[in-house]
file target_12.txt (compact mmCIF, C-alpha atoms)
# COMPACT_ATOMS: atom_id res chain seq x y z
CA MET A 1 0.00 0.00 0.00
CA LEU A 2 1.50 3.30 -1.06
CA ARG A 3 1.68 5.91 1.69
CA SER A 4 1.21 9.64 1.52
CA VAL A 5 3.97 12.21 1.82
CA ALA A 6 2.89 14.23 4.87
CA ASN A 7 0.96 11.59 6.78
CA PRO A 8 2.39 8.06 6.70
CA LYS A 9 -0.89 6.73 8.09
CA LEU A 10 -2.78 8.00 5.06
CA SER A 11 -2.86 5.41 2.27
CA SER A 12 -2.99 6.37 -1.39
CA GLU A 13 -6.59 5.07 -1.52
CA ALA A 14 -7.53 7.33 1.39
CA LEU A 15 -5.87 10.31 -0.26
CA LEU A 16 -7.77 9.68 -3.50
CA ILE A 17 -11.05 9.58 -1.57
CA LEU A 18 -10.27 12.84 0.21
CA VAL A 19 -9.49 14.49 -3.14
CA SER A 20 -12.69 13.11 -4.64
CA LEU A 21 -14.76 14.55 -1.79
CA ALA A 22 -12.98 17.92 -1.85
CA ASP A 23 -15.57 19.63 -4.09
CA GLU A 24 -18.84 18.02 -3.01
CA PRO A 25 -20.30 15.02 -1.14
CA LYS A 26 -20.40 11.76 -3.10
CA HIS A 27 -21.58 8.19 -2.60
CA GLY A 28 -19.32 5.20 -3.15
CA TYR A 29 -20.27 4.62 -6.78
CA ALA A 30 -19.65 8.28 -7.67
CA MET A 31 -16.33 8.24 -5.79
CA GLN A 32 -15.22 5.12 -7.64
CA HIS A 33 -15.88 6.73 -11.03
CA ASP A 34 -14.47 10.12 -10.03
CA ILE A 35 -11.23 8.54 -8.77
CA GLU A 36 -10.88 6.56 -11.98
CA ARG A 37 -11.42 9.72 -14.01
CA ILE A 38 -8.94 11.93 -12.12
CA SER A 39 -6.22 9.33 -11.43
CA GLY A 40 -6.82 6.49 -13.88
CA ARG A 41 -6.87 4.11 -10.94
CA HIS A 42 -9.77 1.75 -10.36
CA LEU A 43 -10.52 1.03 -6.72
CA GLY A 44 -12.44 -2.19 -6.16
CA PRO A 45 -15.35 -2.23 -3.68
CA GLY A 46 -13.23 -3.89 -0.97
CA SER A 47 -10.39 -1.37 -1.27
CA LEU A 48 -12.74 1.60 -1.56
CA TYR A 49 -14.83 0.76 1.48
CA GLY A 50 -11.79 -0.37 3.48
CA ALA A 51 -10.41 3.14 3.01
CA ILE A 52 -13.82 4.76 3.65
CA ALA A 53 -14.13 2.83 6.94
CA ARG A 54 -10.64 3.96 8.04
CA LEU A 55 -11.33 7.58 7.11
CA GLU A 56 -14.67 7.50 8.89
CA ALA A 57 -13.12 5.96 12.01
CA ALA A 58 -10.44 8.69 11.92
CA GLY A 59 -13.12 11.38 11.67
CA LEU A 60 -11.83 12.68 8.32
CA ILE A 61 -15.08 11.99 6.45
CA GLU A 62 -18.68 11.48 7.57
CA ALA A 63 -21.84 9.98 6.14
CA LEU A 64 -24.73 12.32 5.41
CA SER A 65 -27.47 9.76 5.96
CA GLU A 66 -27.98 6.72 8.14
CA THR A 67 -28.90 4.13 5.52
CA GLY A 68 -29.13 3.47 1.82
CA ALA A 69 -27.13 1.85 -0.97
CA ARG A 70 -26.03 5.29 -2.14
CA ARG A 71 -25.16 6.94 1.15
CA PRO A 72 -23.26 10.17 0.47
CA TYR A 73 -20.08 11.09 2.35
CA ARG A 74 -18.44 14.46 2.86
CA LEU A 75 -15.17 15.81 4.23
CA THR A 76 -15.12 16.90 7.86
CA ALA A 77 -13.16 19.98 8.96
CA ALA A 78 -10.34 17.66 10.09
CA GLY A 79 -10.46 15.94 6.70
CA SER A 80 -10.14 19.27 4.89
CA ARG A 81 -7.13 20.22 7.03
CA THR A 82 -5.48 16.84 6.46
CA LEU A 83 -6.01 17.03 2.70
CA SER A 84 -4.73 20.59 2.53
CA SER A 85 -1.60 19.65 4.48
CA GLU A 86 -1.02 16.58 2.32
CA LEU A 87 -1.42 18.48 -0.96
CA ASP A 88 0.93 21.19 0.30
CA SER A 89 3.59 18.56 1.06
CA MET A 90 3.11 17.01 -2.36
CA ARG A 91 3.42 20.40 -4.02
CA LYS A 92 6.71 21.09 -2.20
CA LEU A 93 8.03 17.64 -3.06
CA ALA A 94 7.05 18.04 -6.72
CA ALA A 95 8.69 21.49 -6.84
CA ALA A 96 11.91 20.13 -5.32
CA GLY A 97 11.95 17.24 -7.78
CA MET A 98 11.34 19.48 -10.80
CA ARG A 99 14.03 21.92 -9.62
CA ARG A 100 16.60 19.15 -9.27
CA LEU A 101 15.71 17.70 -12.66
CA ALA A 102 16.14 21.17 -14.21
CA GLU A 103 19.59 21.51 -12.61
CA ARG A 104 20.93 18.36 -14.26
CA MET B 1 -26.61 -12.28 -6.18
CA ARG B 2 -24.05 -15.08 -5.81
CA ARG B 3 -21.12 -12.69 -5.85
CA ARG B 4 -22.67 -10.89 -2.88
CA SER B 5 -22.09 -14.08 -0.88
CA LEU B 6 -18.43 -13.00 -0.65
CA LEU B 7 -19.60 -10.21 1.63
CA ARG B 8 -20.51 -12.84 4.22
CA LEU B 9 -16.79 -13.14 4.90
CA TYR B 10 -16.86 -9.66 6.44
CA PRO B 11 -17.56 -9.22 10.18
CA SER B 12 -21.24 -8.80 11.05
CA HIS B 13 -20.87 -5.26 12.41
CA TRP B 14 -19.02 -4.24 9.23
CA ARG B 15 -21.78 -5.77 7.07
CA GLN B 16 -24.44 -4.02 9.09
CA ARG B 17 -22.74 -0.72 8.35
CA TYR B 18 -21.50 -1.09 4.73
CA GLU B 19 -23.03 -4.21 3.13
CA GLU B 20 -25.80 -2.39 1.28
CA GLU B 21 -23.38 0.12 -0.24
CA VAL B 22 -20.63 -2.37 -1.10
CA GLY B 23 -23.24 -4.81 -2.45
CA ALA B 24 -24.45 -2.18 -4.92
CA LEU B 25 -20.88 -1.73 -6.22
CA VAL B 26 -20.30 -5.49 -6.35
CA ASP B 27 -23.49 -5.93 -8.39
CA ALA B 28 -22.36 -3.24 -10.84
CA ALA B 29 -18.82 -4.63 -11.27
CA PRO B 30 -18.02 -7.41 -13.75
CA LEU B 31 -17.13 -10.64 -11.97
CA SER B 32 -13.35 -11.12 -12.14
CA MET B 33 -10.46 -12.57 -10.18
CA GLY B 34 -9.46 -9.02 -9.30
CA LEU B 35 -12.87 -8.39 -7.70
CA VAL B 36 -12.68 -11.62 -5.68
CA VAL B 37 -9.14 -10.84 -4.47
CA ASP B 38 -10.18 -7.27 -3.64
CA LEU B 39 -13.12 -8.46 -1.53
CA LEU B 40 -11.07 -11.20 0.19
CA ARG B 41 -8.39 -8.68 1.06
CA GLY B 42 -11.01 -6.24 2.33
CA ALA B 43 -12.64 -8.96 4.46
CA PHE B 44 -9.29 -9.94 5.93
CA GLU B 45 -8.52 -6.32 6.79
CA ALA B 46 -11.98 -5.85 8.34
CA HIS B 47 -11.34 -8.87 10.59
CA ILE B 48 -7.93 -7.76 11.77
CA HIS B 49 -9.25 -4.22 12.38
CA PRO B 50 -12.59 -4.88 14.14
CA GLU B 51 -12.84 -1.21 15.13
CA LEU B 52 -13.61 -0.32 11.48
CA GLY B 53 -17.34 0.01 10.87
CA ALA B 54 -18.13 -0.54 14.56
CA PRO B 55 -20.97 1.46 16.14
CA SER B 56 -19.60 4.54 17.86
CA LEU B 57 -20.64 6.90 20.64
CA LEU B 58 -22.25 9.16 18.07
CA GLY B 59 -24.11 6.41 16.24
CA SER B 60 -23.39 4.95 12.85
CA THR B 61 -21.58 7.96 11.45
CA GLY B 62 -18.35 7.10 13.27
CA SER B 63 -16.78 10.55 13.60
CA GLY B 64 -13.60 9.20 15.17
CA GLN B 65 -15.17 8.04 18.42
CA ILE B 66 -14.12 4.96 20.33
CA PRO B 67 -16.45 1.98 19.78
CA LEU B 68 -18.75 1.38 22.78
CA THR B 69 -18.21 -2.36 22.95
CA PRO B 70 -15.62 -4.85 21.73
CA PRO B 71 -16.70 -7.12 18.88
CA PRO B 72 -19.07 -9.88 20.07
CA PRO B 73 -17.75 -13.45 20.52
CA ALA B 74 -19.38 -14.50 17.26
CA ASN B 75 -16.86 -12.30 15.47
CA ARG B 76 -14.00 -14.32 16.95
CA LEU B 77 -15.48 -17.44 15.43
CA ALA B 78 -15.80 -15.64 12.11
CA ARG B 79 -12.16 -14.53 12.35
CA VAL B 80 -11.01 -18.09 13.05
CA ALA B 81 -13.10 -19.33 10.11
CA MET B 82 -11.66 -16.59 7.91
CA LEU B 83 -8.09 -17.46 8.86
CA THR B 84 -8.79 -21.15 8.29
CA VAL B 85 -10.11 -20.41 4.81
CA LEU B 86 -7.04 -18.28 4.05
CA ILE B 87 -4.64 -20.97 5.28
CA VAL B 88 -6.41 -23.63 3.19
CA MET B 89 -6.28 -21.32 0.16
CA LEU B 90 -2.56 -20.69 0.77
CA VAL B 91 -1.80 -24.40 0.99
CA ALA B 92 -3.91 -25.13 -2.10
CA THR B 93 -2.20 -22.31 -4.01
CA GLY B 94 1.19 -23.65 -2.97
CA ALA B 95 0.27 -27.13 -4.16
CA VAL B 96 -0.97 -25.85 -7.53
CA GLY B 97 2.10 -23.62 -7.82
CA TYR B 98 4.39 -26.55 -7.07
CA TYR B 99 2.62 -28.67 -9.68
CA LEU B 100 2.81 -25.99 -12.38
CA GLY B 101 6.38 -24.93 -11.72
CA ARG B 102 7.96 -28.24 -10.79
CA SER B 103 11.05 -27.74 -12.98
CA PRO B 104 14.37 -27.93 -11.06
CA SER B 105 15.50 -24.74 -9.39
CA CYS B 106 18.66 -23.87 -7.48
CA GLU B 107 18.78 -20.14 -6.77
CA SER B 108 20.21 -20.32 -3.25
CA ALA B 109 21.62 -22.78 -0.76
CA PHE B 110 18.13 -23.23 0.65
CA ASP B 111 16.71 -23.90 -2.81
CA CYS B 112 19.43 -26.47 -3.47
CA ALA B 113 18.46 -28.23 -0.24
CA VAL B 114 14.80 -28.11 -1.27
CA PRO B 115 14.85 -28.83 -5.02
CA ALA B 116 11.42 -27.48 -5.90
CA SER B 117 10.17 -24.47 -7.79
CA PHE B 118 6.85 -22.65 -7.73
CA GLN B 119 4.80 -21.00 -10.40
CA VAL B 120 3.35 -17.90 -8.80
CA PHE B 121 1.46 -14.86 -10.03
CA PHE B 122 1.79 -11.35 -8.70
CA GLN B 123 -0.56 -8.49 -9.25
CA VAL B 124 1.63 -5.50 -9.99
CA SER B 125 0.49 -1.98 -10.70
CA GLU B 126 2.12 0.61 -12.90
CA SER B 127 2.51 3.73 -10.83
CA GLU B 128 2.11 6.02 -13.84
CA THR B 129 -0.97 4.54 -15.46
CA GLY B 130 -2.48 2.81 -12.44
CA MET B 131 -3.06 -0.31 -14.56
CA THR B 132 -2.56 -3.68 -12.90
CA HIS B 133 -1.15 -6.85 -14.42
CA TRP B 134 -0.76 -10.42 -13.27
CA VAL B 135 2.88 -11.40 -13.79
CA PRO B 136 3.78 -15.10 -13.85
CA VAL B 137 7.06 -15.92 -12.12
CA VAL B 138 8.83 -19.22 -11.56
CA CYS B 139 10.92 -19.15 -8.42
CA GLY B 140 12.43 -21.30 -5.73
CA PRO B 141 11.03 -21.69 -2.20
CA SER B 142 13.29 -18.99 -0.76
CA ARG B 143 11.93 -16.41 -3.23
CA VAL B 144 8.32 -17.36 -2.66
CA GLY B 145 8.56 -16.13 0.93
CA ALA B 146 10.07 -12.83 -0.15
CA TYR B 147 7.48 -12.25 -2.87
CA VAL B 148 4.61 -13.08 -0.55
CA MET B 149 5.94 -10.39 1.80
CA PHE B 150 6.09 -7.94 -1.09
CA TYR B 151 2.58 -8.84 -2.14
CA LEU B 152 1.12 -8.45 1.35
CA ASP B 153 2.83 -5.08 1.61
CA THR B 154 1.37 -4.19 -1.83
CA SER B 155 4.03 -1.48 -2.16
CA LEU B 156 4.49 -2.57 -5.74
CA ASP B 157 5.96 0.01 -8.05
CA THR B 158 7.71 -0.17 -11.39
CA ARG B 159 11.08 -0.74 -9.71
CA LEU B 160 9.77 -3.80 -7.89
CA CYS B 161 8.02 -4.87 -11.08
CA HIS B 162 11.42 -5.01 -12.78
CA LEU B 163 12.77 -7.00 -9.86
CA ILE B 164 9.93 -9.48 -10.21
CA ARG B 165 10.31 -9.68 -13.96
CA SER B 166 14.01 -10.40 -13.54
CA GLY B 167 12.95 -13.63 -11.85
CA GLU B 168 11.16 -14.82 -14.98
CA ARG B 169 12.62 -17.64 -17.01
call {"tool": "encode", "arguments": {"input": "target_12.txt", "output": "structure tokens"}}
result
Amino acid sequence: MLRSVANPKLSSEALLILVSLADEPKHGYAMQHDIERISGRHLGPGSLYGAIARLEAAGLIEALSETGARRPYRLTAAGSRTLSSELDSMRKLAAAGMRRLAER
Amino acid sequence: MRRRSLLRLYPSHWRQRYEEEVGALVDAAPLSMGLVVDLLRGAFEAHIHPELGAPSLLGSTGSGQIPLTPPPPANRLARVAMLTVLIVMLVATGAVGYYLGRSPSCESAFDCAVPASFQVFFQVSESETGMTHWVPVVCGPSRVGAYVMFYLDTSLDTRLCHLIRSGER
């Protein structure tokens, strides 16, 4: 399982879910398609809901309804902060990498 | 409907929380080995992390609270059953792998002492495209252990893919 840059406890699946929920709440099916569209990576139901369960337990996302096959989820305030911090670390890492490549 | 039976491998509290949602995705997905492996891996993870999907102090929404109660005893039985199934599958896979890849192998002192080779398959993902492939590899017993560790870690990237491919014959 690939790990994130800023938070080693955040898996790549979890990061993709946080990015997918950054603009608006989505249910699992919509997340699956959105993640495939923005990253080209297909998350199976087991991987997707494993990551959703971890994010929910960590308080980074929350469900908007109690039941239903298409229960929507949204970022919590903690989830927004975590995603922002993670993306900032990725941006710095990408900038450092590009700078070093340019210096070669 | 039959593919939904794989969801019975998940702990009861997890199913109570997510079965309806995951079932809808399982119904929409084409039946494949990748789907079965994905669900088996998810079920295994749900059993070794019983806190996931458990009812919390704030109800079913989780919100980072500590679960009120530990998993009921029935879950322990389910975990034992799950581990038994996994062990049987591992032994069966090893037997099939031994049968398919039974050409002589001597890649290390250990392999020379145990003159057997295994045909194994690894699901590797390309980090750039995100596509996954099943790569067949023939290797000795000492390598099987190492590859199984790699696979469980699932930290497969293109560098490791090259390492695995270098083991092909």
call {"tool": "interface_residues", "arguments": {"input": "target_12.txt", "of": "chain A", "to": "chain B", "cutoff": "10 Å", "atoms": "all atoms listed in the file", "output": "PyMOL selection string"}}
result
chain A and resi 1-3+27-29+32+36+39-71+73+76
call {"tool": "atom_distance", "arguments": {"input": "target_12.txt", "atom1": "atom CA of Leu16 of chain A", "atom2": "atom CA of Ile35 of chain A"}}
result
6.4 Å
call {"tool": "closest_residue", "arguments": {"input": "target_12.txt", "among": "B:Met89, B:Tyr10, B:Leu31, B:Ala81", "to": "Pro50 of chain B", "atoms": "all atoms listed in the file"}}
result
B:Tyr10
call {"tool": "atom_distance", "arguments": {"input": "target_12.txt", "atom1": "atom CA of Asp27 of chain B", "atom2": "atom CA of Arg4 of chain B"}}
result
7.5 Å
call {"tool": "atom_distance", "arguments": {"input": "target_12.txt", "atom1": "atom CA of Glu86 of chain A", "atom2": "atom CA of Arg74 of chain A"}}
result
17.6 Å
call {"tool": "decode", "arguments": {"input": "target_12.txt", "residues": "segment 52-83 of chain A", "atoms": "N, CA and C atoms", "output": "tab-separated table (two decimals), in the first residue's frame"}}
result
chain	number	residue	atom	x	y	z
A	52	ILE	N	-12.73	3.92	3.11
A	52	ILE	CA	-13.82	4.76	3.65
A	52	ILE	C	-14.00	4.48	5.14
A	53	ALA	N	-13.96	3.19	5.52
A	53	ALA	CA	-14.13	2.83	6.94
A	53	ALA	C	-13.01	3.43	7.79
A	54	ARG	N	-11.77	3.39	7.27
A	54	ARG	CA	-10.64	3.96	8.04
A	54	ARG	C	-10.79	5.48	8.16
A	55	LEU	N	-11.17	6.12	7.07
A	55	LEU	CA	-11.33	7.58	7.11
A	55	LEU	C	-12.47	7.99	8.04
A	56	GLU	N	-13.54	7.19	8.02
A	56	GLU	CA	-14.67	7.50	8.89
A	56	GLU	C	-14.28	7.32	10.36
A	57	ALA	N	-13.55	6.23	10.64
A	57	ALA	CA	-13.12	5.96	12.01
A	57	ALA	C	-12.16	7.06	12.50
A	58	ALA	N	-11.38	7.63	11.56
A	58	ALA	CA	-10.44	8.69	11.92
A	58	ALA	C	-11.12	10.06	11.98
A	59	GLY	N	-12.40	10.11	11.62
A	59	GLY	CA	-13.12	11.38	11.67
A	59	GLY	C	-12.76	12.33	10.55
A	60	LEU	N	-12.21	11.80	9.44
A	60	LEU	CA	-11.83	12.68	8.32
A	60	LEU	C	-12.96	12.83	7.31
A	61	ILE	N	-13.89	11.86	7.27
A	61	ILE	CA	-15.08	11.99	6.45
A	61	ILE	C	-16.28	11.56	7.30
A	62	GLU	N	-17.48	11.91	6.85
A	62	GLU	CA	-18.68	11.48	7.57
A	62	GLU	C	-19.81	11.23	6.59
A	63	ALA	N	-20.69	10.29	6.98
A	63	ALA	CA	-21.84	9.98	6.14
A	63	ALA	C	-22.92	11.02	6.37
A	64	LEU	N	-23.67	11.31	5.30
A	64	LEU	CA	-24.73	12.32	5.41
A	64	LEU	C	-26.09	11.73	5.70
A	65	SER	N	-26.20	10.39	5.60
A	65	SER	CA	-27.47	9.76	5.96
A	65	SER	C	-27.18	8.45	6.66
A	66	GLU	N	-28.18	7.91	7.32
A	66	GLU	CA	-27.98	6.72	8.14
A	66	GLU	C	-27.97	5.44	7.32
A	67	THR	N	-28.78	5.38	6.28
A	67	THR	CA	-28.90	4.13	5.52
A	67	THR	C	-28.93	4.41	4.03
A	68	GLY	N	-28.99	3.32	3.26
A	68	GLY	CA	-29.13	3.47	1.82
A	68	GLY	C	-27.94	2.94	1.07
A	69	ALA	N	-28.20	2.40	-0.15
A	69	ALA	CA	-27.13	1.85	-0.97
A	69	ALA	C	-26.26	2.96	-1.54
A	70	ARG	N	-26.81	4.16	-1.61
A	70	ARG	CA	-26.03	5.29	-2.14
A	70	ARG	C	-25.93	6.37	-1.07
A	71	ARG	N	-25.32	6.00	0.04
A	71	ARG	CA	-25.16	6.94	1.15
A	71	ARG	C	-24.03	7.91	0.82
A	72	PRO	N	-24.32	9.21	0.80
A	72	PRO	CA	-23.26	10.17	0.47
A	72	PRO	C	-22.33	10.44	1.65
A	73	TYR	N	-21.09	10.74	1.34
A	73	TYR	CA	-20.08	11.09	2.35
A	73	TYR	C	-19.54	12.47	2.04
A	74	ARG	N	-19.06	13.15	3.08
A	74	ARG	CA	-18.44	14.46	2.86
A	74	ARG	C	-17.22	14.59	3.76
A	75	LEU	N	-16.34	15.53	3.40
A	75	LEU	CA	-15.17	15.81	4.23
A	75	LEU	C	-15.60	16.49	5.53
A	76	THR	N	-14.94	16.14	6.63
A	76	THR	CA	-15.12	16.90	7.86
A	76	THR	C	-14.09	18.04	7.87
A	77	ALA	N	-14.15	18.90	8.87
A	77	ALA	CA	-13.16	19.98	8.96
A	77	ALA	C	-11.76	19.38	9.12
A	78	ALA	N	-11.64	18.32	9.91
A	78	ALA	CA	-10.34	17.66	10.09
A	78	ALA	C	-9.87	17.05	8.77
A	79	GLY	N	-10.81	16.51	7.99
A	79	GLY	CA	-10.46	15.94	6.70
A	79	GLY	C	-9.95	16.99	5.74
A	80	SER	N	-10.58	18.16	5.75
A	80	SER	CA	-10.14	19.27	4.89
A	80	SER	C	-8.73	19.72	5.27
A	81	ARG	N	-8.48	19.81	6.58
A	81	ARG	CA	-7.13	20.22	7.03
A	81	ARG	C	-6.08	19.19	6.62
A	82	THR	N	-6.42	17.92	6.81
A	82	THR	CA	-5.48	16.84	6.46
A	82	THR	C	-5.17	16.86	4.96
A	83	LEU	N	-6.21	17.01	4.15
A	83	LEU	CA	-6.01	17.03	2.70
A	83	LEU	C	-5.18	18.23	2.29
